[in-house]
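Asker: Pasting a structure here, questions to come.
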Amino acid sequence: MGKNIVRQELKDQALINGSKKFIDAVERGDDLTLYLSDKATKRGYTPPRSKLSRDFERWNDKDFLLNTLGFHHFHIGDSKTKSGLINRTNQVIFAKVNRTEFHVIGVFDHSVFNNCGLSLTLEQKRLWETIDEYENLNKMPSPFTLGGYNGLGIATSGHPIAVVMHSNHLARIVRDIGPKLDNTEFVTSLGFNAQKAELEWCFSHSDFGLLDKASKTFRLLQYGLD
């Protein structure tokens with residue numbers, strides 16, 4: 001889990017208190033959206049203005065460290081903002097996360113997000129070294145690594161290949177199942193009341209499926225990426 005790492009690296013009492021609340025939330029299995037960047041729920045991958053300028057920085061709307069390294073970062077404030085999110089903090093926890101495991105690798109300040117070209121800040125160097133150490137645990141030596149989310153590399157668009165492949169798979173689900181939703185027997189087989197159902201495609205976090213707005217029932221069709 002990494003409790004000791006957090007305790008060793010934090011000095012400010014408010015951050016210590018915030019980190020304890022965060023770790024307690026992780027252990028309870030709470031929704032951690034409140035601890036993410038506020039951009040996570042507001043911005044997609046292609047802002048409209050990016051189409052108007054060739055000079056627009058394509059990485060501005062992407063979590064570079066998540067896409068390239070596969071690690072999430074979480075704010076650890078001790079209070080909430082007016083929007084309901086956890087108060088933004090200069091120091092953030094980096095962790096490798098999937099459905100069943102949560103591995104804290106360290107606490108780093110926001111300079112790890114700076115775009116410094118080919119040079120790295122001291123904090124960026126420390127982050128990369130920490131991630132290299134984590135990734136090399138219990139692994140056989142390899143001449144190269146693809147990196148990126150789930151280790152499948154990065155597309156030229158800046159998207160993780162794992163996300164591109166997953167998106168294509170979801171598109172196939174929509175293509176295959178969509179035409180069948182006019183068939184009452186098929187809709188019933190999904191567990192819905194075909195006579196009253198008001199169906200729409202829906203994401204529950206990263207899981208994909210169908211939502212019946214009438215009964216507020218979600219039918220999982222595909223688990224999301226870990």
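Identifiers in the structure tokens: chain A, B, ... in order shown; residue index from 1 per chain; ligand index from 1 in order shown.
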At a cut-off of 12 Å, using only C-alpha atoms, what residues contact Phe102 in chain A? Leave out same-chain residues fewer than 6 positions from it and give the result as a PDB file with N, CA and C atoms, in the first residue's frame.
Answerer:
ATOM      1  N   MET A   1       0.825  -1.205   0.000  1.00  0.00           N
ATOM      2  CA  MET A   1       0.000   0.000   0.000  1.00  0.00           C
ATOM      3  C   MET A   1       0.861   1.257   0.000  1.00  0.00           C
ATOM      4  N   GLY A   2       1.905   1.304   0.851  1.00  0.00           N
ATOM      5  CA  GLY A   2       2.806   2.441   0.825  1.00  0.00           C
ATOM      6  C   GLY A   2       2.600   3.452   1.931  1.00  0.00           C
ATOM      7  N   LYS A   3       1.972   3.056   3.055  1.00  0.00           N
ATOM      8  CA  LYS A   3       1.742   4.006   4.149  1.00  0.00           C
ATOM      9  C   LYS A   3       3.051   4.579   4.664  1.00  0.00           C
ATOM     10  N   PHE A  22      -6.961  10.130   2.909  1.00  0.00           N
ATOM     11  CA  PHE A  22      -6.924   9.544   1.570  1.00  0.00           C
ATOM     12  C   PHE A  22      -6.687   8.039   1.641  1.00  0.00           C
ATOM     13  N   ILE A  23      -5.703   7.623   2.419  1.00  0.00           N
ATOM     14  CA  ILE A  23      -5.394   6.196   2.523  1.00  0.00           C
ATOM     15  C   ILE A  23      -6.560   5.436   3.151  1.00  0.00           C
ATOM     16  N   ALA A  25      -9.631   6.240   2.763  1.00  0.00           N
ATOM     17  CA  ALA A  25     -10.622   6.153   1.685  1.00  0.00           C
ATOM     18  C   ALA A  25     -10.269   5.026   0.719  1.00  0.00           C
ATOM     19  N   VAL A  26      -8.977   4.883   0.426  1.00  0.00           N
ATOM     20  CA  VAL A  26      -8.529   3.798  -0.453  1.00  0.00           C
ATOM     21  C   VAL A  26      -8.865   2.447   0.165  1.00  0.00           C
ATOM     22  N   GLU A  27      -8.560   2.296   1.442  1.00  0.00           N
ATOM     23  CA  GLU A  27      -8.770   1.007   2.105  1.00  0.00           C
ATOM     24  C   GLU A  27     -10.251   0.665   2.245  1.00  0.00           C
ATOM     25  N   ARG A  28     -11.095   1.695   2.313  1.00  0.00           N
ATOM     26  CA  ARG A  28     -12.542   1.441   2.377  1.00  0.00           C
ATOM     27  C   ARG A  28     -13.129   1.147   1.003  1.00  0.00           C
ATOM     28  N   GLY A  29     -12.368   1.455  -0.036  1.00  0.00           N
ATOM     29  CA  GLY A  29     -12.884   1.275  -1.390  1.00  0.00           C
ATOM     30  C   GLY A  29     -13.755   2.426  -1.842  1.00  0.00           C
ATOM     31  N   LEU A  32     -12.523   7.660  -5.474  1.00  0.00           N
ATOM     32  CA  LEU A  32     -11.381   8.560  -5.292  1.00  0.00           C
ATOM     33  C   LEU A  32     -11.383   9.733  -6.265  1.00  0.00           C
ATOM     34  N   PHE A  71       0.915   5.841 -14.181  1.00  0.00           N
ATOM     35  CA  PHE A  71       0.739   6.106 -12.753  1.00  0.00           C
ATOM     36  C   PHE A  71      -0.232   7.266 -12.542  1.00  0.00           C
ATOM     37  N   HIS A  72      -1.188   7.059 -11.627  1.00  0.00           N
ATOM     38  CA  HIS A  72      -2.133   8.111 -11.266  1.00  0.00           C
ATOM     39  C   HIS A  72      -1.525   9.008 -10.189  1.00  0.00           C
ATOM     40  N   HIS A  73      -2.004  10.255 -10.130  1.00  0.00           N
ATOM     41  CA  HIS A  73      -1.599  11.120  -9.017  1.00  0.00           C
ATOM     42  C   HIS A  73      -2.847  11.631  -8.300  1.00  0.00           C
ATOM     43  N   ILE A  93       0.361  12.369  -4.265  1.00  0.00           N
ATOM     44  CA  ILE A  93       0.755  10.968  -4.156  1.00  0.00           C
ATOM     45  C   ILE A  93       0.678  10.324  -5.536  1.00  0.00           C
ATOM     46  N   PHE A  94       1.730   9.632  -5.925  1.00  0.00           N
ATOM     47  CA  PHE A  94       1.707   8.846  -7.159  1.00  0.00           C
ATOM     48  C   PHE A  94       1.524   7.378  -6.795  1.00  0.00           C
ATOM     49  N   ALA A  95       0.675   6.704  -7.575  1.00  0.00           N
ATOM     50  CA  ALA A  95       0.383   5.306  -7.266  1.00  0.00           C
ATOM     51  C   ALA A  95       0.041   4.529  -8.528  1.00  0.00           C
ATOM     52  N   LYS A  96       0.355   3.250  -8.503  1.00  0.00           N
ATOM     53  CA  LYS A  96      -0.081   2.312  -9.540  1.00  0.00           C
ATOM     54  C   LYS A  96      -1.386   1.697  -9.048  1.00  0.00           C
ATOM     55  N   ASP A 226      -7.938  -1.568 -16.151  1.00  0.00           N
ATOM     56  CA  ASP A 226      -7.560  -1.489 -14.738  1.00  0.00           C
ATOM     57  C   ASP A 226      -6.834  -0.190 -14.473  1.00  0.00           C
TER      58      ASP A 226
END
Asker: Neighbouring residues of Leu65 in chain A were defined as those with any atom within 12 Å, considering only C-alpha atoms; residues of the same chain fewer than 4 positions away were excluded. Please report them as an MDAnalysis selection string.
Answerer: chainID A and resid 59 69:73 94:96 110 112:115 124 127:128 131 147:149 154 158:160
Asker: CA of His205 in chain A and CA of Tyr35 in chain A are how many Å apart?
Answerer: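 Between CA of His205 in chain A and CA of Tyr35 in chain A the gap is 14.5 Å.
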Asker: Env of Leu199 in chain A: 9 Å cut, atoms = only C-alpha atoms, seq-sep filter 2 positions within chain, self excluded. Answer as a PyMOL selection string.
Answerer: chain A and resi 181+197+201+210-214
Asker: Hey, can you spit out that residue selection with C-alpha atoms as a short mmCIF file (atom, residue, chain, number, x, y, z; two decimals), in the first residue's frame?
Answerer:
data_model
loop_
_atom_site.label_atom_id
_atom_site.label_comp_id
_atom_site.auth_asym_id
_atom_site.auth_seq_id
_atom_site.Cartn_x
_atom_site.Cartn_y
_atom_site.Cartn_z
CA LEU A 181 -31.92 -3.12 -29.08
CA ALA A 197 -36.86 0.50 -20.72
CA TRP A 201 -24.99 3.77 -23.68
CA LEU A 210 -26.30 0.09 -21.02
CA LEU A 211 -28.26 2.23 -18.59
CA ASP A 212 -32.02 1.98 -18.27
CA LYS A 213 -32.99 5.50 -17.22
CA ALA A 214 -36.48 4.34 -16.28
#
Asker: CA of Ile86 in chain A to CA of Ala14 in chain A: how many Å, to one decimal?
Answerer: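 So the answer is 12.4 Å.
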Asker: Could you give me, as a PyMOL selection string, the residues within 12 Å of Gln13 in chain A, counting only C-alpha atoms and dropping anything in the same chain fewer than 6 positions from it?
Answerer: chain A and resi 7+19-20+76-78
Asker: Could those residues be written to a file, using N, CA and C atoms, as a PDB file, in the first residue's frame?
Answerer:
ATOM      1  N   ARG A   7       4.301   8.544   5.082  1.00  0.00           N
ATOM      2  CA  ARG A   7       4.682   9.110   6.384  1.00  0.00           C
ATOM      3  C   ARG A   7       6.094   9.686   6.340  1.00  0.00           C
ATOM      4  N   SER A  19      -3.361  12.988   3.884  1.00  0.00           N
ATOM      5  CA  SER A  19      -2.919  11.699   3.347  1.00  0.00           C
ATOM      6  C   SER A  19      -3.535  10.544   4.124  1.00  0.00           C
ATOM      7  N   LYS A  20      -3.703  10.734   5.436  1.00  0.00           N
ATOM      8  CA  LYS A  20      -4.327   9.677   6.243  1.00  0.00           C
ATOM      9  C   LYS A  20      -5.778   9.467   5.806  1.00  0.00           C
ATOM     10  N   ILE A  76      -3.891  15.561  -1.824  1.00  0.00           N
ATOM     11  CA  ILE A  76      -4.069  15.067  -0.454  1.00  0.00           C
ATOM     12  C   ILE A  76      -4.371  16.210   0.512  1.00  0.00           C
ATOM     13  N   GLY A  77      -5.199  17.152   0.064  1.00  0.00           N
ATOM     14  CA  GLY A  77      -5.597  18.243   0.946  1.00  0.00           C
ATOM     15  C   GLY A  77      -6.421  17.745   2.121  1.00  0.00           C
ATOM     16  N   ASP A  78      -6.509  18.589   3.155  1.00  0.00           N
ATOM     17  CA  ASP A  78      -7.224  18.213   4.379  1.00  0.00           C
ATOM     18  C   ASP A  78      -8.647  18.758   4.398  1.00  0.00           C
TER      19      ASP A  78
END
Asker: Between CA of Thr184 in chain A and CA of Glu200 in chain A, what is the distance in Å, rounded to a tenth?
Answerer: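 It comes out at 15.2 Å.
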